[in-house]
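Below is query39.txt, holding compact mmCIF, C-alpha atoms.
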```
# COMPACT_ATOMS: atom_id res chain seq x y z
CA MET Z 13 27.32 -7.50 -7.12
CA LYS Z 14 23.96 -6.67 -8.66
CA PRO Z 15 22.18 -9.51 -10.44
CA GLN Z 16 22.07 -9.18 -14.20
CA ILE Z 17 19.14 -10.19 -16.32
CA TYR Z 18 18.30 -9.25 -19.82
CA ILE Z 19 15.07 -7.78 -21.03
CA TYR Z 20 14.12 -6.61 -24.48
CA ASP Z 21 14.69 -2.93 -25.17
CA TYR Z 22 12.05 -2.17 -27.78
CA ASN Z 23 13.96 0.89 -29.02
CA GLU Z 24 17.17 -0.95 -29.73
CA PRO Z 25 18.17 -4.25 -31.36
CA TYR Z 26 18.76 -7.33 -29.23
CA GLY Z 27 22.09 -7.50 -27.51
CA SER Z 28 22.70 -3.78 -27.35
CA ALA Z 29 20.70 -3.09 -24.22
CA SER Z 30 22.27 -0.25 -22.37
CA LYS Z 31 19.23 0.66 -20.31
CA SER Z 32 18.23 -0.71 -17.00
CA MET Z 33 14.91 -1.48 -15.39
CA ARG Z 34 14.30 -0.42 -11.83
CA VAL Z 35 12.06 -2.34 -9.46
CA LYS Z 36 10.83 -0.75 -6.23
CA THR Z 37 10.77 -2.98 -3.16
CA PHE Z 38 8.68 -2.67 0.01
CA GLY Z 39 8.16 -4.42 3.33
CA ILE Z 40 9.63 -7.90 3.51
CA SER Z 41 10.77 -7.79 -0.13
CA LYS Z 42 12.97 -4.80 0.69
CA ASP Z 43 14.52 -6.75 3.60
CA ILE Z 44 15.15 -9.81 1.39
CA ILE Z 45 16.57 -7.91 -1.60
CA GLY Z 46 18.47 -5.48 0.59
CA GLU Z 47 17.76 -2.27 -1.30
CA SER Z 48 14.69 -0.11 -1.94
CA THR Z 49 15.28 -0.08 -5.71
CA LEU Z 50 16.60 -3.12 -7.56
CA THR Z 51 18.31 -2.35 -10.88
CA LEU Z 52 18.22 -4.98 -13.63
CA ASN Z 53 19.85 -4.89 -17.06
CA VAL Z 54 17.58 -6.31 -19.67
CA ASP Z 55 17.54 -7.30 -23.35
CA LYS Z 56 14.71 -9.77 -23.98
CA PRO Z 57 10.92 -9.64 -23.73
CA MET Z 58 9.79 -10.01 -20.17
CA THR Z 59 6.42 -10.46 -18.52
CA VAL Z 60 5.34 -10.06 -14.90
CA SER Z 61 5.62 -13.81 -14.39
CA ASP Z 62 9.16 -13.81 -15.89
CA LEU Z 63 10.13 -11.15 -13.35
CA LYS Z 64 8.65 -13.20 -10.48
CA GLU Z 65 10.49 -16.29 -11.70
CA PHE Z 66 13.73 -14.32 -11.80
CA LEU Z 67 13.18 -12.87 -8.32
CA ASN Z 68 12.36 -16.27 -6.81
CA LYS Z 69 15.50 -17.77 -8.36
CA GLN Z 70 17.83 -14.89 -7.49
CA TYR Z 71 16.39 -14.40 -4.00
CA PRO Z 72 15.15 -17.84 -2.83
CA LYS Z 73 13.53 -16.28 0.25
CA MET Z 74 11.09 -14.51 -2.09
CA SER Z 75 9.46 -17.88 -2.81
CA THR Z 76 8.89 -18.51 0.91
CA ILE Z 77 6.81 -15.38 1.52
CA GLY Z 78 3.07 -15.22 0.87
CA THR Z 79 1.87 -14.68 -2.68
CA TYR Z 80 3.18 -11.34 -3.83
CA SER Z 81 2.05 -9.09 -6.66
CA ILE Z 82 3.83 -6.88 -9.14
CA ALA Z 83 2.52 -3.38 -9.70
CA VAL Z 84 3.08 -1.69 -13.04
CA ASN Z 85 2.60 2.06 -13.15
CA GLN Z 86 0.97 1.95 -9.72
CA GLU Z 87 -1.66 -0.66 -10.69
CA TYR Z 88 -1.78 -4.39 -9.85
CA ALA Z 89 -0.54 -6.27 -12.93
CA ASP Z 90 -1.54 -9.66 -14.36
CA ASN Z 91 1.12 -12.35 -14.72
CA HIS Z 92 1.01 -12.24 -18.52
CA GLN Z 93 1.46 -8.46 -18.74
CA ASN Z 94 4.55 -7.28 -20.64
CA LEU Z 95 7.08 -5.05 -18.90
CA TYR Z 96 8.68 -2.07 -20.62
CA LEU Z 97 11.72 -0.09 -19.68
CA ASP Z 98 9.84 3.09 -18.87
CA ASP Z 99 7.28 1.34 -16.64
CA GLU Z 100 7.26 2.04 -12.92
CA ILE Z 101 7.57 -1.47 -11.50
CA ALA Z 102 7.16 -2.47 -7.85
CA ILE Z 103 7.04 -5.63 -5.77
CA ILE Z 104 3.93 -5.74 -3.59
CA PRO Z 105 4.31 -8.35 -0.82
CA PRO Z 106 1.18 -9.36 1.13
CA VAL Z 107 -0.31 -6.12 2.44
CA SER Z 108 -1.06 -5.55 6.13
CA GLY Z 109 -2.52 -2.08 6.55
CA GLY Z 110 -5.55 -1.18 8.67
CA MET I 18 8.26 17.68 13.92
CA THR I 19 5.65 20.10 15.26
CA LYS I 20 2.06 19.08 15.94
CA SER I 21 0.73 20.91 12.88
CA GLN I 22 3.33 19.29 10.63
CA SER I 23 2.44 15.82 11.88
CA PHE I 24 -1.22 16.31 10.85
CA ARG I 25 -0.24 17.47 7.34
CA PRO I 26 -1.02 14.71 4.82
CA LEU I 27 1.88 12.91 3.13
CA ALA I 28 -0.44 12.18 0.20
CA ALA I 29 -4.10 13.08 -0.27
CA VAL I 30 -7.13 13.14 -2.54
CA GLU I 31 -9.54 15.85 -1.44
CA LYS I 32 -12.95 16.27 -3.07
CA LYS I 33 -16.29 17.61 -1.90
CA ASN I 34 -17.57 14.11 -1.08
CA GLN I 35 -14.35 12.39 -0.06
CA SER I 36 -11.18 12.93 1.92
CA ILE I 37 -8.43 10.35 1.40
CA GLN I 38 -5.19 10.85 3.28
CA LEU I 39 -1.94 9.21 4.31
CA VAL I 40 -0.77 11.03 7.42
CA ASN I 41 1.67 10.75 10.29
CA THR I 42 -1.00 11.44 12.91
CA ILE I 43 -4.80 11.16 12.70
CA ASN I 44 -6.82 13.97 14.24
CA ILE I 45 -10.07 12.16 15.13
CA ALA I 46 -11.87 15.36 16.18
CA LYS I 47 -11.15 16.91 12.80
CA ALA I 48 -12.33 13.79 10.96
CA ILE I 49 -15.62 13.71 12.87
CA GLU I 50 -16.13 17.43 12.29
CA GLN I 51 -15.84 16.84 8.53
CA LEU I 52 -18.43 14.04 8.70
CA GLU I 53 -20.87 16.18 10.68
CA ASN I 54 -20.56 18.98 8.14
CA SER I 55 -21.85 16.67 5.43
CA GLU I 56 -25.39 17.08 6.83
CA ALA I 57 -26.43 13.46 6.34
CA SER I 58 -28.40 11.92 9.18
CA ALA I 59 -26.48 8.62 9.50
CA GLN I 60 -22.77 8.57 10.22
CA SER I 61 -20.72 5.43 10.69
CA ILE I 62 -17.16 5.34 11.96
CA PHE I 63 -14.46 2.68 12.25
CA ILE I 64 -11.29 3.52 14.16
CA GLY I 65 -8.36 1.10 14.17
CA THR I 66 -5.72 1.43 16.90
CA VAL I 67 -2.44 -0.26 17.75
CA PRO I 68 -3.22 -3.36 19.87
CA SER I 69 -1.19 -4.31 22.95
CA MET I 70 -0.94 -7.95 21.85
CA SER I 71 -0.40 -9.74 18.54
CA GLY I 72 -1.35 -13.36 19.16
CA SER I 73 0.45 -14.19 22.39
CA PHE I 74 3.19 -11.57 21.93
CA GLU I 75 3.30 -8.20 23.59
CA VAL I 76 3.51 -5.42 20.98
CA LYS I 77 6.05 -2.65 21.64
CA LYS I 78 5.28 -0.56 18.58
CA LEU I 79 4.21 -0.80 14.95
CA PHE I 80 5.89 0.67 11.90
CA PHE I 81 3.83 1.39 8.78
CA GLU I 82 5.42 1.63 5.36
CA SER I 83 3.58 2.41 2.14
CA TYR I 84 3.93 2.72 -1.62
CA GLU I 85 2.31 6.10 -1.19
CA GLN I 86 1.40 7.01 -4.79
CA MET I 87 -0.24 3.63 -5.38
CA ALA I 88 -1.81 3.41 -1.91
CA ILE I 89 -3.61 6.72 -2.32
CA LYS I 90 -4.93 5.58 -5.74
CA GLU I 91 -6.19 2.27 -4.30
CA MET I 92 -7.81 4.11 -1.39
CA ALA I 93 -9.54 6.47 -3.82
CA LYS I 94 -10.83 3.50 -5.87
CA ILE I 95 -12.34 1.96 -2.71
CA SER I 96 -13.91 5.27 -1.79
CA ASP I 97 -15.34 5.77 -5.31
CA VAL I 98 -16.94 2.31 -5.25
CA ALA I 99 -18.35 2.89 -1.75
CA LEU I 100 -19.80 6.28 -2.73
CA SER I 101 -21.75 4.82 -5.65
CA GLU I 102 -22.65 1.37 -4.23
CA PHE I 103 -23.91 2.56 -0.85
CA ASN I 104 -25.46 5.97 -1.71
CA LEU I 105 -23.04 7.85 0.51
CA LYS I 106 -22.81 11.60 0.97
CA LYS I 107 -19.23 11.51 2.15
CA VAL I 108 -16.28 9.20 2.75
CA ILE I 109 -13.33 9.89 5.03
CA LEU I 110 -10.46 7.42 4.75
CA TRP I 111 -7.28 8.32 6.60
CA HIS I 112 -4.38 5.96 7.28
CA CYS I 113 -1.26 6.58 9.34
CA LEU I 114 2.29 5.84 8.30
CA SER I 115 5.52 5.80 10.33
CA THR I 116 5.89 4.52 13.90
CA LYS I 117 2.86 4.10 16.17
CA VAL I 118 2.72 2.96 19.78
CA VAL I 119 0.03 0.98 21.63
CA GLY I 120 -3.31 2.80 21.69
CA GLU I 121 -2.52 5.23 18.88
CA THR I 122 -4.97 5.57 15.99
CA VAL I 123 -3.85 3.86 12.79
CA VAL I 124 -6.86 4.14 10.51
CA PHE I 125 -10.07 6.19 10.44
CA VAL I 126 -12.99 5.28 8.19
CA GLY I 127 -16.04 7.54 8.26
CA THR I 128 -19.08 7.40 6.02
CA CYS I 129 -22.38 9.19 5.98
CA SER I 130 -25.63 8.51 4.27
CA THR I 131 -29.35 9.13 4.60
CA HIS I 132 -29.84 5.57 5.86
CA ARG I 133 -27.81 3.93 8.62
CA ALA I 134 -27.73 0.51 6.92
CA ASP I 135 -25.86 2.04 3.96
CA ALA I 136 -23.35 3.90 6.13
CA ILE I 137 -22.62 0.85 8.32
CA ALA I 138 -22.26 -1.53 5.36
CA ALA I 139 -20.04 0.97 3.52
CA THR I 140 -17.72 1.37 6.50
CA LYS I 141 -17.26 -2.40 6.68
CA TYR I 142 -16.69 -2.62 2.92
CA ILE I 143 -14.06 0.13 3.04
CA ILE I 144 -11.98 -1.25 5.94
CA ASP I 145 -12.21 -4.86 4.65
CA THR I 146 -11.12 -3.84 1.14
CA LEU I 147 -8.36 -1.58 2.42
CA LYS I 148 -6.88 -4.49 4.38
CA GLU I 149 -6.95 -6.64 1.26
CA MET I 150 -5.79 -4.23 -1.46
CA VAL I 151 -3.96 -1.11 -0.27
CA PRO I 152 -0.13 -1.31 -0.42
CA ILE I 153 0.62 -0.55 3.21
CA TRP I 154 2.81 -2.84 5.31
CA LYS I 155 2.96 -3.17 9.07
CA LYS I 156 6.06 -4.23 10.96
CA GLU I 157 5.34 -5.47 14.48
CA TYR I 158 8.03 -4.92 17.11
CA PHE I 159 8.15 -7.26 20.09
CA LYS I 160 10.50 -7.60 23.04
CA ASN I 161 12.70 -10.06 21.14
CA GLY I 162 12.48 -8.95 17.54
CA SER I 163 10.19 -7.82 14.78
CA ILE I 164 8.19 -9.26 11.87
CA TRP I 165 6.34 -7.96 8.82
CA ALA I 166 2.68 -8.87 9.47
CA ASN I 167 1.07 -11.30 6.95
CA ALA I 168 4.39 -11.71 5.11
CA HIS I 169 4.52 -15.49 5.44
CA PRO I 170 1.70 -17.90 4.69
```

The structure given in the file should be rewritten as structure tokens.
Amino acid sequence: MKPQIYIYDYNEPYGSASKSMRVKTFGISKDIIGESTLTLNVDKPMTVSDLKEFLNKQYPKMSTIGTYSIAVNQEYADNHQNLYLDDEIAIIPPVSGG
Amino acid sequence: MTKSQSFRPLAAVEKKNQSIQLVNTINIAKAIEQLENSEASAQSIFIGTVPSMSGSFEVKKLFFESYEQMAIKEMAKISDVALSEFNLKKVILWHCLSTKVVGETVVFVGTCSTHRADAIAATKYIIDTLKEMVPIWKKEYFKNGSIWANAHP
């Protein structure tokens, strides 16, 4: 069963969220979450740090990996940044290229 | 996959003074040819290859995964900074994805400038920053299992 959370849909009143937010996963976060795109239902305001808190709670192994980032629209995002339903959101675990 | 297909970039930013690519296979001869054509007197190159050991474990192969659209943007940012900070004439920054075996080329950084100090410093800046910022992940395969490099503190 997919985890349910609720984020604010700024186009619709609270409680009527029918849209879902998708979160891309890579590397170890893909292994932990078990799919390359995580789908979350949302109906309250959510920041990057709220998303991390949710992920760490829902997937306890996420809190054991090195500090990971969230990318919003293909840019590293600050913890206080707000997330919107049409954003492209991705989990960026510690990188290891080169 | 034919040889020519494997050299075709998966994602790229190509400009007169920079070539940024994610590829399946790096053609070193082609990269060097592009640097030489830039007509600057000092060229500096860093080539990263798959090592045979990771710590005390024998490496069988590496697998590289990437968030391609973001990776190519981050690589272009690094290249843009290097071009302006180190007075470069050209930057080549190519990184491989997919599975690589011991000895295969993983990353090619090439810079050229009028002065060698600039080219050498820029090459170091580019590879160091790539390792820190670019969303590429390496899975190391050993005899008895595999791990995502750097994943755990």

If you count only C-alpha atoms, which residues fall within 9 Å of Ser61 of chain Z, apart from same-chain ones fewer than 3 positions away, as number ranges by chain? Z: 58, 64-66, 82, 90-93

Got a sec to pull out which chain Z residues are within 10 Å of chain I, counting all atoms listed in the file, and send them as a VMD selection string? chain Z and resid 36 to 41 43 75 to 80 83 to 88 102 to 110

Of the candidates I:Phe103, I:Phe80, I:Tyr142, I:Phe24, which one gets nearest to Phe63 of chain I if we count all atoms listed in the file?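 Nearest to Phe63 of chain I: I:Tyr142.
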
Choose the residue, out of I:Val76, I:Ala28, I:Val40, I:Ile109, that has the smallest atom-to-atom separation from Glu53 of chain I; count only C-alpha atoms. I:Ile109

Where's the centre, and what are the edge lengths in Å to one decimal, of a box along x, y and z enclosing all listed atoms of segment 62-75 of chain Z padded 6 Å per side, as JSON?
```
{"center_x": 13.2, "center_y": -14.5, "center_z": -7.8, "size_x": 21.2, "size_y": 18.7, "size_z": 28.1}
```

Take atom CA of Asp99 of chain Z and atom CA of Val98 of chain I and report the distance between them in Å, one decimal.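 These two atoms are separated by 26.8 Å.
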
Could you state the separation of atom CA of Ile137 of chain I and atom CA of Ala99 of chain I in Å, given to one decimal place?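 We find that atom CA of Ile137 of chain I and atom CA of Ala99 of chain I lie 11.1 Å from each other.
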
May I ask which of the residues I:Ile37, I:Ala46, I:Leu105, I:Ala59 is the closest one to Arg133 of chain I, counting all atoms listed in the file? I:Ala59

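Of note, atom CA of Ile43 of chain I and atom CA of Ser96 of chain I are spaced 18.1 Å apart.
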
Selection: 8 Å around Ala57 of chain I, all atoms listed in the file, excl. self and same-chain fewer than 5 positions, as a ChimeraX atom specification: /I:106,129-131
